[in-house]
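Undergrad: The structure that follows is given in the form of structure tokens.
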Amino acid sequence: MSKRIVRFCYRKIIEAASSKQWDKYVFESSYKEYLMQSQFYDKEKKFSKFSELFNNIPSSEKLHFLVSTSVIGYLKQLNGSVPDITNNLGKQFLKFSNFQFEIIESDVKNKQDHRVAISFYSDPMLWHDTIDNFLLVSEANGKKTEDGTLTHLLQVESFLSIYSLKEEL
Amino acid sequence: MDQSRKHFLKNMFIGAASVPMILSACKKDTESTGTSSGSGSSSGNGTGGTSCTAAPTETEGPFPTHTPSSLMRTDIRDDRTGVLLTIKITIQNTNNSCAALAGAIVDIWHCDKDGYYSEYGGTAMQSVNYSGVTFLRGRQTTDANGQVTFTSIFPGWYSGRTTHIHVHVYNAAGTSLKVTQIAFPEGSSSAVVLVNTTASGYTKGMSGYTYNSNDGVFSDDTAGVEICAISGSVAAGYALTQTIKVPA
């Protein structure tokens with residue numbers, strides 16, 4: 001029987017309405033960094049929105065990378081756990097070591113329009129079966145116990161997807 | 001042990017120290033703790049707190065703490081090797097008789113010995129524990145003397161540009177005051193020539209080098225105000241000093 005190894009991607013949107021403390025820190029820090037770094041690309045202050053800036057000054061694409069420096073410390077605080085996503089028991093269980101930061105939109109004149117996304121790429125998981133709306137998964141490198149492999153039931157929801165699939169015999 | 005690894009271990013420690021606090025503090029995950037976790041007093045009473053709110057399904061792990069940008073650092077080398085370079089920049093305020101400007105934020109960035117900048121194209125995937133992501137980029141706030149100091153390596157060069165360091169100066173609120181670059185002195189015994197022709201790892205030599213007078217950025221600087229002072233040696237490393245005047 002072949003093994004299906006998947007990596008999940010959870011794309012977390014962070015915006016003005018985000019209420020969790022971690023989200024608020026990321027929102028505040030990334031907006032402050034955006035205000036600072038975007039001035040390099042728009043010295044004449046011609047563009048209010050990131051989308052306008054990007055359309056007119058393509059090199060401002062680097063702002064995704066430059067602004068990500070403001071949130072690295074917060075990502076480290078997660079200690080490798082993908083936030084928000086829980087198994088059917090209500091516990092966080094997905095581990096990550098890779099992420100992707102993007103500025104969805106921002107506006108130097110209106111903080112409310114600042115929106116960023118962080119995509120968390122999970123470490124490899126074995127996808128054993130699908131039960132109703134749930135995926136039965138376990139850590140690809142997880143230890144076996146005397147009860148066999150320890151598994152999680154994961155419901156696929158919005159902003160959670162399977163990033164990659166590898167089948168091994 | 002590199003800085004990132006230390007930081008990671010430090011966070012692991014904070015995380016571990018936070019666990020009892022999370023179990024007993026009965027705080028909602030939306031509440032701010034404001035201070036670093038692990039040192040706060042425990043206020044739990046075992047009855048789920050006094051406010052009438054539903055218990056969270058699960059605590060979020062260590063409480064988030066306010067963290068500065070990963071650019072805020074003195075040693076900007078990360079994994080880059082090369083001739084040691086100490087960069088001391090003094091910021092003066094042209095709107096105040098060129099007095100030292102304290103509290104200004106100074107960003108610098110430059111290329112490595114091979115001419116490459118740290119930069120992930122667009123939104124490529126990054127690794128949380130890879131310290132090299134922002135190599136040779138740093139940020140400091142000026143002291144009472146208007147000074148910031150960075151530990152780095154002597155920049156290499158790439159086709160079309162002379163050796164240079166980018167500088168962006170902001171006021172304390174983050175408003176841009178000056179975007180500029182630092183140029184290097186030239187001549188047969190200059191640091192630029194000695195590093196590129198004799199230092200280990202600097203493989204380009206000076207063939208095809210763009211000198212300041214032909215550089216698109218510095219060629220108009222006939223007075224040389226953008227050219228830094230530099231002292232030292234390839235073996236011991238160099239010290240760069242430069243004063244940048246900004247209207248604050």
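Ligands are numbered from 1 in the order shown, residues from 1 within each chain, and chains are lettered A, B, ... in the order they appear in the structure tokens.
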Name the residues of stretch 60-165 of chain A that come out as strand (DSSP E or B) in a backbone DSSP run; write them as a PDB file with N, CA and C atoms, in the first residue's frame.

TA:
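So states.pdb came out as:
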```pdb
ATOM      1  N   SER A  81       4.522  25.768  16.097  1.00  0.00           N
ATOM      2  CA  SER A  81       3.136  25.290  16.007  1.00  0.00           C
ATOM      3  C   SER A  81       2.321  26.184  15.091  1.00  0.00           C
ATOM      4  N   THR A  86      -6.723  23.309  14.612  1.00  0.00           N
ATOM      5  CA  THR A  86      -6.779  22.296  15.670  1.00  0.00           C
ATOM      6  C   THR A  86      -7.312  20.987  15.117  1.00  0.00           C
ATOM      7  N   GLN A  92      -4.073  22.225  19.029  1.00  0.00           N
ATOM      8  CA  GLN A  92      -3.136  22.484  17.945  1.00  0.00           C
ATOM      9  C   GLN A  92      -2.180  21.307  17.834  1.00  0.00           C
ATOM     10  N   LYS A  95       2.805  21.125  12.929  1.00  0.00           N
ATOM     11  CA  LYS A  95       4.103  21.774  13.099  1.00  0.00           C
ATOM     12  C   LYS A  95       4.532  22.414  11.779  1.00  0.00           C
ATOM     13  N   PHE A  96       5.237  23.536  11.898  1.00  0.00           N
ATOM     14  CA  PHE A  96       5.739  24.167  10.671  1.00  0.00           C
ATOM     15  C   PHE A  96       7.157  24.654  10.898  1.00  0.00           C
ATOM     16  N   SER A  97       7.909  24.739   9.809  1.00  0.00           N
ATOM     17  CA  SER A  97       9.185  25.449   9.869  1.00  0.00           C
ATOM     18  C   SER A  97       9.345  26.398   8.688  1.00  0.00           C
ATOM     19  N   ASN A  98       8.408  26.345   7.763  1.00  0.00           N
ATOM     20  CA  ASN A  98       8.453  27.269   6.619  1.00  0.00           C
ATOM     21  C   ASN A  98       7.213  28.157   6.607  1.00  0.00           C
ATOM     22  N   PHE A  99       7.412  29.368   6.181  1.00  0.00           N
ATOM     23  CA  PHE A  99       6.280  30.290   6.063  1.00  0.00           C
ATOM     24  C   PHE A  99       6.500  31.190   4.855  1.00  0.00           C
ATOM     25  N   GLN A 100       5.471  31.924   4.531  1.00  0.00           N
ATOM     26  CA  GLN A 100       5.515  32.873   3.420  1.00  0.00           C
ATOM     27  C   GLN A 100       4.740  34.097   3.887  1.00  0.00           C
ATOM     28  N   PHE A 101       5.358  35.239   3.774  1.00  0.00           N
ATOM     29  CA  PHE A 101       4.696  36.473   4.211  1.00  0.00           C
ATOM     30  C   PHE A 101       4.310  37.282   2.988  1.00  0.00           C
ATOM     31  N   GLU A 102       3.125  37.819   2.982  1.00  0.00           N
ATOM     32  CA  GLU A 102       2.733  38.680   1.862  1.00  0.00           C
ATOM     33  C   GLU A 102       1.915  39.861   2.357  1.00  0.00           C
ATOM     34  N   ILE A 103       2.096  40.968   1.682  1.00  0.00           N
ATOM     35  CA  ILE A 103       1.257  42.134   1.937  1.00  0.00           C
ATOM     36  C   ILE A 103       0.088  42.024   0.966  1.00  0.00           C
ATOM     37  N   ILE A 104      -1.107  41.907   1.489  1.00  0.00           N
ATOM     38  CA  ILE A 104      -2.271  41.823   0.601  1.00  0.00           C
ATOM     39  C   ILE A 104      -2.598  43.235   0.106  1.00  0.00           C
ATOM     40  N   GLU A 105      -2.672  44.148   1.036  1.00  0.00           N
ATOM     41  CA  GLU A 105      -2.899  45.558   0.702  1.00  0.00           C
ATOM     42  C   GLU A 105      -2.445  46.387   1.898  1.00  0.00           C
ATOM     43  N   ASP A 107      -2.035  50.866   3.131  1.00  0.00           N
ATOM     44  CA  ASP A 107      -2.319  52.239   2.763  1.00  0.00           C
ATOM     45  C   ASP A 107      -1.642  53.142   3.783  1.00  0.00           C
ATOM     46  N   ARG A 115      -3.563  44.895   5.327  1.00  0.00           N
ATOM     47  CA  ARG A 115      -3.881  43.467   5.450  1.00  0.00           C
ATOM     48  C   ARG A 115      -2.672  42.675   4.995  1.00  0.00           C
ATOM     49  N   VAL A 116      -2.284  41.714   5.803  1.00  0.00           N
ATOM     50  CA  VAL A 116      -1.181  40.847   5.413  1.00  0.00           C
ATOM     51  C   VAL A 116      -1.624  39.398   5.561  1.00  0.00           C
ATOM     52  N   ALA A 117      -0.871  38.501   4.973  1.00  0.00           N
ATOM     53  CA  ALA A 117      -1.167  37.080   5.119  1.00  0.00           C
ATOM     54  C   ALA A 117       0.134  36.357   5.418  1.00  0.00           C
ATOM     55  N   ILE A 118       0.036  35.394   6.309  1.00  0.00           N
ATOM     56  CA  ILE A 118       1.168  34.505   6.553  1.00  0.00           C
ATOM     57  C   ILE A 118       0.702  33.094   6.232  1.00  0.00           C
ATOM     58  N   SER A 119       1.376  32.469   5.275  1.00  0.00           N
ATOM     59  CA  SER A 119       1.074  31.075   4.948  1.00  0.00           C
ATOM     60  C   SER A 119       2.033  30.180   5.724  1.00  0.00           C
ATOM     61  N   PHE A 120       1.459  29.281   6.487  1.00  0.00           N
ATOM     62  CA  PHE A 120       2.256  28.329   7.256  1.00  0.00           C
ATOM     63  C   PHE A 120       2.280  27.009   6.500  1.00  0.00           C
ATOM     64  N   TYR A 121       3.473  26.510   6.209  1.00  0.00           N
ATOM     65  CA  TYR A 121       3.590  25.223   5.518  1.00  0.00           C
ATOM     66  C   TYR A 121       3.947  24.155   6.532  1.00  0.00           C
ATOM     67  N   SER A 122       3.057  23.202   6.701  1.00  0.00           N
ATOM     68  CA  SER A 122       3.267  22.199   7.751  1.00  0.00           C
ATOM     69  C   SER A 122       4.421  21.271   7.404  1.00  0.00           C
ATOM     70  N   MET A 125       3.086  15.254   6.692  1.00  0.00           N
ATOM     71  CA  MET A 125       2.112  14.445   7.438  1.00  0.00           C
ATOM     72  C   MET A 125       1.703  13.259   6.556  1.00  0.00           C
ATOM     73  N   LEU A 126       1.432  12.147   7.199  1.00  0.00           N
ATOM     74  CA  LEU A 126       0.899  10.992   6.470  1.00  0.00           C
ATOM     75  C   LEU A 126      -0.615  11.099   6.441  1.00  0.00           C
ATOM     76  N   TRP A 127      -1.182  10.938   5.255  1.00  0.00           N
ATOM     77  CA  TRP A 127      -2.645  10.997   5.111  1.00  0.00           C
ATOM     78  C   TRP A 127      -3.123   9.556   4.954  1.00  0.00           C
ATOM     79  N   HIS A 128      -3.693   9.030   6.033  1.00  0.00           N
ATOM     80  CA  HIS A 128      -4.062   7.611   6.053  1.00  0.00           C
ATOM     81  C   HIS A 128      -5.414   7.342   5.417  1.00  0.00           C
ATOM     82  N   ASP A 129      -6.379   8.202   5.708  1.00  0.00           N
ATOM     83  CA  ASP A 129      -7.741   7.898   5.294  1.00  0.00           C
ATOM     84  C   ASP A 129      -8.572   9.178   5.343  1.00  0.00           C
ATOM     85  N   THR A 130      -9.754   9.102   4.773  1.00  0.00           N
ATOM     86  CA  THR A 130     -10.685  10.229   4.871  1.00  0.00           C
ATOM     87  C   THR A 130     -11.972   9.704   5.481  1.00  0.00           C
ATOM     88  N   ILE A 131     -12.381  10.282   6.591  1.00  0.00           N
ATOM     89  CA  ILE A 131     -13.569   9.831   7.307  1.00  0.00           C
ATOM     90  C   ILE A 131     -14.556  10.982   7.347  1.00  0.00           C
ATOM     91  N   PHE A 134     -13.417  14.538   7.566  1.00  0.00           N
ATOM     92  CA  PHE A 134     -12.125  14.630   8.243  1.00  0.00           C
ATOM     93  C   PHE A 134     -11.035  13.841   7.511  1.00  0.00           C
ATOM     94  N   LEU A 135      -9.842  14.382   7.609  1.00  0.00           N
ATOM     95  CA  LEU A 135      -8.680  13.641   7.127  1.00  0.00           C
ATOM     96  C   LEU A 135      -8.027  12.988   8.341  1.00  0.00           C
ATOM     97  N   LEU A 136      -7.717  11.712   8.223  1.00  0.00           N
ATOM     98  CA  LEU A 136      -7.005  11.016   9.293  1.00  0.00           C
ATOM     99  C   LEU A 136      -5.512  11.110   8.964  1.00  0.00           C
ATOM    100  N   VAL A 137      -4.781  11.828   9.801  1.00  0.00           N
ATOM    101  CA  VAL A 137      -3.368  12.085   9.507  1.00  0.00           C
ATOM    102  C   VAL A 137      -2.493  11.794  10.726  1.00  0.00           C
ATOM    103  N   SER A 138      -1.219  11.615  10.455  1.00  0.00           N
ATOM    104  CA  SER A 138      -0.246  11.482  11.545  1.00  0.00           C
ATOM    105  C   SER A 138       1.065  12.111  11.086  1.00  0.00           C
ATOM    106  N   GLU A 139       1.917  12.389  12.031  1.00  0.00           N
ATOM    107  CA  GLU A 139       3.210  12.983  11.679  1.00  0.00           C
ATOM    108  C   GLU A 139       4.026  11.987  10.867  1.00  0.00           C
ATOM    109  N   LYS A 144       6.196   5.446  16.644  1.00  0.00           N
ATOM    110  CA  LYS A 144       5.110   4.474  16.857  1.00  0.00           C
ATOM    111  C   LYS A 144       5.030   4.144  18.344  1.00  0.00           C
ATOM    112  N   THR A 145       3.823   3.923  18.803  1.00  0.00           N
ATOM    113  CA  THR A 145       3.647   3.509  20.191  1.00  0.00           C
ATOM    114  C   THR A 145       3.147   2.066  20.167  1.00  0.00           C
ATOM    115  N   GLY A 148       0.267   1.621  18.144  1.00  0.00           N
ATOM    116  CA  GLY A 148       0.412   1.913  16.722  1.00  0.00           C
ATOM    117  C   GLY A 148       0.720   3.387  16.519  1.00  0.00           C
ATOM    118  N   THR A 149       0.316   3.910  15.374  1.00  0.00           N
ATOM    119  CA  THR A 149       0.602   5.309  15.057  1.00  0.00           C
ATOM    120  C   THR A 149      -0.422   6.221  15.717  1.00  0.00           C
ATOM    121  N   HIS A 152      -4.462  12.088  14.122  1.00  0.00           N
ATOM    122  CA  HIS A 152      -5.303  13.264  14.348  1.00  0.00           C
ATOM    123  C   HIS A 152      -6.403  13.269  13.282  1.00  0.00           C
ATOM    124  N   LEU A 153      -7.573  13.739  13.681  1.00  0.00           N
ATOM    125  CA  LEU A 153      -8.634  13.974  12.699  1.00  0.00           C
ATOM    126  C   LEU A 153      -8.674  15.467  12.418  1.00  0.00           C
ATOM    127  N   LEU A 154      -8.539  15.793  11.156  1.00  0.00           N
ATOM    128  CA  LEU A 154      -8.449  17.207  10.762  1.00  0.00           C
ATOM    129  C   LEU A 154      -9.547  17.543   9.771  1.00  0.00           C
ATOM    130  N   GLN A 155     -10.307  18.567  10.106  1.00  0.00           N
ATOM    131  CA  GLN A 155     -11.359  19.005   9.193  1.00  0.00           C
ATOM    132  C   GLN A 155     -10.804  20.080   8.259  1.00  0.00           C
ATOM    133  N   LEU A 160      -7.369  26.578   4.665  1.00  0.00           N
ATOM    134  CA  LEU A 160      -6.482  25.430   4.917  1.00  0.00           C
ATOM    135  C   LEU A 160      -6.519  24.542   3.682  1.00  0.00           C
ATOM    136  N   SER A 161      -5.352  24.224   3.171  1.00  0.00           N
ATOM    137  CA  SER A 161      -5.308  23.428   1.950  1.00  0.00           C
ATOM    138  C   SER A 161      -4.148  22.445   2.014  1.00  0.00           C
ATOM    139  N   ILE A 162      -4.130  21.543   1.047  1.00  0.00           N
ATOM    140  CA  ILE A 162      -2.989  20.640   0.930  1.00  0.00           C
ATOM    141  C   ILE A 162      -2.024  21.259  -0.063  1.00  0.00           C
ATOM    142  N   TYR A 163      -0.837  21.593   0.417  1.00  0.00           N
ATOM    143  CA  TYR A 163       0.150  22.292  -0.404  1.00  0.00           C
ATOM    144  C   TYR A 163       0.853  21.337  -1.349  1.00  0.00           C
ATOM    145  N   SER A 164       1.222  20.154  -0.846  1.00  0.00           N
ATOM    146  CA  SER A 164       1.951  19.220  -1.699  1.00  0.00           C
ATOM    147  C   SER A 164       1.567  17.788  -1.363  1.00  0.00           C
ATOM    148  N   LEU A 165       1.735  16.923  -2.328  1.00  0.00           N
ATOM    149  CA  LEU A 165       1.387  15.514  -2.166  1.00  0.00           C
ATOM    150  C   LEU A 165       2.508  14.669  -2.745  1.00  0.00           C
TER     151      LEU A 165
END
```

Undergrad: Please find the residues of chain A near chain B - the criterion being any atom within 7 Å, counting only C-alpha atoms - and write them as a PDB file with N, CA, C and O atoms, in the first residue's frame.

TA:
```
ATOM      1  N   SER A  19      -8.439  39.995  16.332  1.00  0.00           N
ATOM      2  CA  SER A  19      -8.607  40.294  17.754  1.00  0.00           C
ATOM      3  C   SER A  19      -7.591  39.622  18.666  1.00  0.00           C
ATOM      4  O   SER A  19      -7.387  40.049  19.793  1.00  0.00           O
ATOM      5  N   LYS A  20      -6.960  38.547  18.213  1.00  0.00           N
ATOM      6  CA  LYS A  20      -6.010  37.870  19.093  1.00  0.00           C
ATOM      7  C   LYS A  20      -4.750  38.721  19.283  1.00  0.00           C
ATOM      8  O   LYS A  20      -4.359  39.455  18.385  1.00  0.00           O
ATOM      9  N   GLN A  21      -4.132  38.577  20.436  1.00  0.00           N
ATOM     10  CA  GLN A  21      -2.989  39.440  20.753  1.00  0.00           C
ATOM     11  C   GLN A  21      -1.838  39.243  19.775  1.00  0.00           C
ATOM     12  O   GLN A  21      -1.216  40.201  19.329  1.00  0.00           O
ATOM     13  N   TRP A  22      -1.550  37.994  19.437  1.00  0.00           N
ATOM     14  CA  TRP A  22      -0.448  37.726  18.495  1.00  0.00           C
ATOM     15  C   TRP A  22      -0.732  38.404  17.163  1.00  0.00           C
ATOM     16  O   TRP A  22       0.128  39.039  16.557  1.00  0.00           O
ATOM     17  N   TYR A  25      -0.175  42.139  17.379  1.00  0.00           N
ATOM     18  CA  TYR A  25       1.247  42.489  17.328  1.00  0.00           C
ATOM     19  C   TYR A  25       1.761  42.430  15.887  1.00  0.00           C
ATOM     20  O   TYR A  25       2.501  43.314  15.441  1.00  0.00           O
ATOM     21  N   MET A  36       7.626  52.591   7.151  1.00  0.00           N
ATOM     22  CA  MET A  36       9.036  52.961   7.036  1.00  0.00           C
ATOM     23  C   MET A  36       9.615  52.566   5.680  1.00  0.00           C
ATOM     24  O   MET A  36      10.171  53.388   4.954  1.00  0.00           O
ATOM     25  N   GLN A  39       8.640  54.096   2.082  1.00  0.00           N
ATOM     26  CA  GLN A  39       9.119  55.447   1.737  1.00  0.00           C
ATOM     27  C   GLN A  39      10.309  55.393   0.782  1.00  0.00           C
ATOM     28  O   GLN A  39      10.545  56.323   0.013  1.00  0.00           O
ATOM     29  N   GLU A  61       7.998  45.315  -5.068  1.00  0.00           N
ATOM     30  CA  GLU A  61       7.689  43.926  -4.745  1.00  0.00           C
ATOM     31  C   GLU A  61       8.561  43.443  -3.576  1.00  0.00           C
ATOM     32  O   GLU A  61       8.172  42.566  -2.811  1.00  0.00           O
ATOM     33  N   LYS A  62       9.740  44.037  -3.448  1.00  0.00           N
ATOM     34  CA  LYS A  62      10.644  43.637  -2.355  1.00  0.00           C
ATOM     35  C   LYS A  62      10.065  43.946  -0.987  1.00  0.00           C
ATOM     36  O   LYS A  62      10.577  43.479   0.030  1.00  0.00           O
ATOM     37  N   HIS A  64       7.453  42.870   0.293  1.00  0.00           N
ATOM     38  CA  HIS A  64       6.982  41.629   0.941  1.00  0.00           C
ATOM     39  C   HIS A  64       8.093  41.086   1.836  1.00  0.00           C
ATOM     40  O   HIS A  64       7.875  40.758   3.004  1.00  0.00           O
ATOM     41  N   PHE A  65       9.278  40.995   1.249  1.00  0.00           N
ATOM     42  CA  PHE A  65      10.430  40.488   2.004  1.00  0.00           C
ATOM     43  C   PHE A  65      10.855  41.461   3.101  1.00  0.00           C
ATOM     44  O   PHE A  65      11.072  41.071   4.250  1.00  0.00           O
ATOM     45  N   THR A  69      10.571  41.137   7.833  1.00  0.00           N
ATOM     46  CA  THR A  69      11.558  41.193   8.919  1.00  0.00           C
ATOM     47  C   THR A  69      10.924  41.631  10.235  1.00  0.00           C
ATOM     48  O   THR A  69      11.446  41.324  11.298  1.00  0.00           O
ATOM     49  N   SER A  70       9.809  42.330  10.148  1.00  0.00           N
ATOM     50  CA  SER A  70       9.173  42.842  11.366  1.00  0.00           C
ATOM     51  C   SER A  70       8.391  41.767  12.109  1.00  0.00           C
ATOM     52  O   SER A  70       7.997  41.973  13.252  1.00  0.00           O
ATOM     53  N   VAL A  71       8.138  40.649  11.476  1.00  0.00           N
ATOM     54  CA  VAL A  71       7.295  39.624  12.114  1.00  0.00           C
ATOM     55  C   VAL A  71       8.045  38.331  12.417  1.00  0.00           C
ATOM     56  O   VAL A  71       7.468  37.408  13.014  1.00  0.00           O
ATOM     57  N   ILE A  72       9.316  38.257  12.044  1.00  0.00           N
ATOM     58  CA  ILE A  72      10.090  37.026  12.282  1.00  0.00           C
ATOM     59  C   ILE A  72      10.087  36.663  13.783  1.00  0.00           C
ATOM     60  O   ILE A  72       9.933  35.507  14.148  1.00  0.00           O
ATOM     61  N   GLY A  73      10.261  37.668  14.623  1.00  0.00           N
ATOM     62  CA  GLY A  73      10.282  37.416  16.068  1.00  0.00           C
ATOM     63  C   GLY A  73       8.982  36.808  16.551  1.00  0.00           C
ATOM     64  O   GLY A  73       8.973  35.919  17.416  1.00  0.00           O
ATOM     65  N   TYR A  74       7.869  37.260  15.999  1.00  0.00           N
ATOM     66  CA  TYR A  74       6.565  36.705  16.398  1.00  0.00           C
ATOM     67  C   TYR A  74       6.403  35.275  15.882  1.00  0.00           C
ATOM     68  O   TYR A  74       5.806  34.432  16.553  1.00  0.00           O
ATOM     69  N   LEU A  75       6.920  35.020  14.708  1.00  0.00           N
ATOM     70  CA  LEU A  75       6.836  33.653  14.176  1.00  0.00           C
ATOM     71  C   LEU A  75       7.646  32.699  15.055  1.00  0.00           C
ATOM     72  O   LEU A  75       7.215  31.578  15.317  1.00  0.00           O
ATOM     73  N   LYS A  76       8.800  33.163  15.539  1.00  0.00           N
ATOM     74  CA  LYS A  76       9.605  32.307  16.407  1.00  0.00           C
ATOM     75  C   LYS A  76       8.884  32.013  17.716  1.00  0.00           C
ATOM     76  O   LYS A  76       9.043  30.951  18.301  1.00  0.00           O
ATOM     77  N   GLN A  77       8.078  32.966  18.168  1.00  0.00           N
ATOM     78  CA  GLN A  77       7.349  32.758  19.422  1.00  0.00           C
ATOM     79  C   GLN A  77       6.323  31.625  19.326  1.00  0.00           C
ATOM     80  O   GLN A  77       5.868  31.110  20.344  1.00  0.00           O
ATOM     81  N   ASN A  79       6.943  28.795  18.367  1.00  0.00           N
ATOM     82  CA  ASN A  79       7.658  27.545  18.664  1.00  0.00           C
ATOM     83  C   ASN A  79       7.299  26.414  17.708  1.00  0.00           C
ATOM     84  O   ASN A  79       7.164  25.249  18.112  1.00  0.00           O
ATOM     85  N   GLY A  90      -9.756  19.705  19.409  1.00  0.00           N
ATOM     86  CA  GLY A  90      -9.585  21.120  19.752  1.00  0.00           C
ATOM     87  C   GLY A  90      -8.169  21.493  20.109  1.00  0.00           C
ATOM     88  O   GLY A  90      -7.941  22.531  20.729  1.00  0.00           O
ATOM     89  N   LYS A  91      -7.215  20.666  19.750  1.00  0.00           N
ATOM     90  CA  LYS A  91      -5.821  20.966  20.097  1.00  0.00           C
ATOM     91  C   LYS A  91      -4.994  21.268  18.852  1.00  0.00           C
ATOM     92  O   LYS A  91      -5.167  20.626  17.815  1.00  0.00           O
ATOM     93  N   SER A  97       7.909  24.739   9.809  1.00  0.00           N
ATOM     94  CA  SER A  97       9.185  25.449   9.869  1.00  0.00           C
ATOM     95  C   SER A  97       9.345  26.398   8.688  1.00  0.00           C
ATOM     96  O   SER A  97      10.285  27.175   8.638  1.00  0.00           O
ATOM     97  N   ASN A  98       8.408  26.345   7.763  1.00  0.00           N
ATOM     98  CA  ASN A  98       8.453  27.269   6.619  1.00  0.00           C
ATOM     99  C   ASN A  98       7.213  28.157   6.607  1.00  0.00           C
ATOM    100  O   ASN A  98       6.127  27.721   6.968  1.00  0.00           O
ATOM    101  N   PHE A  99       7.412  29.368   6.181  1.00  0.00           N
ATOM    102  CA  PHE A  99       6.280  30.290   6.063  1.00  0.00           C
ATOM    103  C   PHE A  99       6.500  31.190   4.855  1.00  0.00           C
ATOM    104  O   PHE A  99       7.596  31.235   4.268  1.00  0.00           O
ATOM    105  N   GLN A 100       5.471  31.924   4.531  1.00  0.00           N
ATOM    106  CA  GLN A 100       5.515  32.873   3.420  1.00  0.00           C
ATOM    107  C   GLN A 100       4.740  34.097   3.887  1.00  0.00           C
ATOM    108  O   GLN A 100       3.613  33.957   4.361  1.00  0.00           O
ATOM    109  N   PHE A 101       5.358  35.239   3.774  1.00  0.00           N
ATOM    110  CA  PHE A 101       4.696  36.473   4.211  1.00  0.00           C
ATOM    111  C   PHE A 101       4.310  37.282   2.988  1.00  0.00           C
ATOM    112  O   PHE A 101       5.100  37.423   2.060  1.00  0.00           O
ATOM    113  N   GLU A 102       3.125  37.819   2.982  1.00  0.00           N
ATOM    114  CA  GLU A 102       2.733  38.680   1.862  1.00  0.00           C
ATOM    115  C   GLU A 102       1.915  39.861   2.357  1.00  0.00           C
ATOM    116  O   GLU A 102       1.173  39.750   3.338  1.00  0.00           O
TER     117      GLU A 102
END
```

Undergrad: Can you work out the spacing between atom CA of B:Phe218 and atom CA of B:Pro185 in Å, to one decimal?

TA: 11.7 Å

Undergrad: I want to know what sits within 12 Å of B:His164, based on only C-alpha atoms, with residues of the same chain fewer than 5 positions away left out; could you give that as a PyMOL selection string?

TA: chain B and resi 108-113+115+154-158+180-185+192+210-212+215-218+226-228+240

Undergrad: DSSP on the backbone, alpha helix (DSSP H) only: what residues of stretch 110-231 of chain B does that give? Format it as a tab-separated table (two decimals) with N, CA and C atoms, in the first residue's frame.

TA:
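Saved file states.tsv follows:
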```
chain	number	residue	atom	x	y	z
B	191	ALA	N	41.66	50.47	0.83
B	191	ALA	CA	41.04	49.25	1.37
B	191	ALA	C	40.32	48.48	0.27
B	192	VAL	N	39.64	49.20	-0.59
B	192	VAL	CA	38.90	48.54	-1.68
B	192	VAL	C	39.84	47.67	-2.52
B	193	VAL	N	40.98	48.24	-2.90
B	193	VAL	CA	41.94	47.50	-3.74
B	193	VAL	C	42.57	46.35	-2.97
B	194	LEU	N	43.00	46.63	-1.73
B	194	LEU	CA	43.67	45.58	-0.95
B	194	LEU	C	42.74	44.41	-0.65
B	195	VAL	N	41.51	44.73	-0.28
B	195	VAL	CA	40.56	43.66	0.04
B	195	VAL	C	40.27	42.82	-1.20
B	196	ASN	N	39.97	43.49	-2.30
B	196	ASN	CA	39.55	42.75	-3.49
B	196	ASN	C	40.69	42.01	-4.19
B	197	THR	N	41.93	42.42	-3.92
B	197	THR	CA	43.04	41.75	-4.61
B	197	THR	C	43.82	40.79	-3.71
B	198	THR	N	43.69	40.96	-2.37
B	198	THR	CA	44.51	40.10	-1.50
B	198	THR	C	43.72	39.30	-0.47
```

Undergrad: If we count only C-alpha atoms, what is near B:Ser231 at a cut-off of 12 Å, once residues fewer than 4 positions away on the same chain are taken out, given as an MDAnalysis selection string?

TA: chainID B and resid 84:88 184:185 189:192 235:242

Undergrad: For a test of reading the model, state the distance in Å between atom CA of B:Val246 and atom CA of B:Ile105, rounded to one decimal.

TA: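 It comes out at 12.0 Å.
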
Undergrad: I want to know what sits within 10 Å of A:Ser38, based on only C-alpha atoms, with residues of the same chain fewer than 2 positions away left out; could you give that as a PyMOL selection string?

TA: (chain A and resi 33-36+40-43+45+47+50+53+60+62-63+66-67+108) or (chain B and resi 176)

Undergrad: Could you please determine the separation between atom CA of B:Ile230 and atom CA of B:Ile89 in Å, to one decimal place?

TA: 11.9 Å
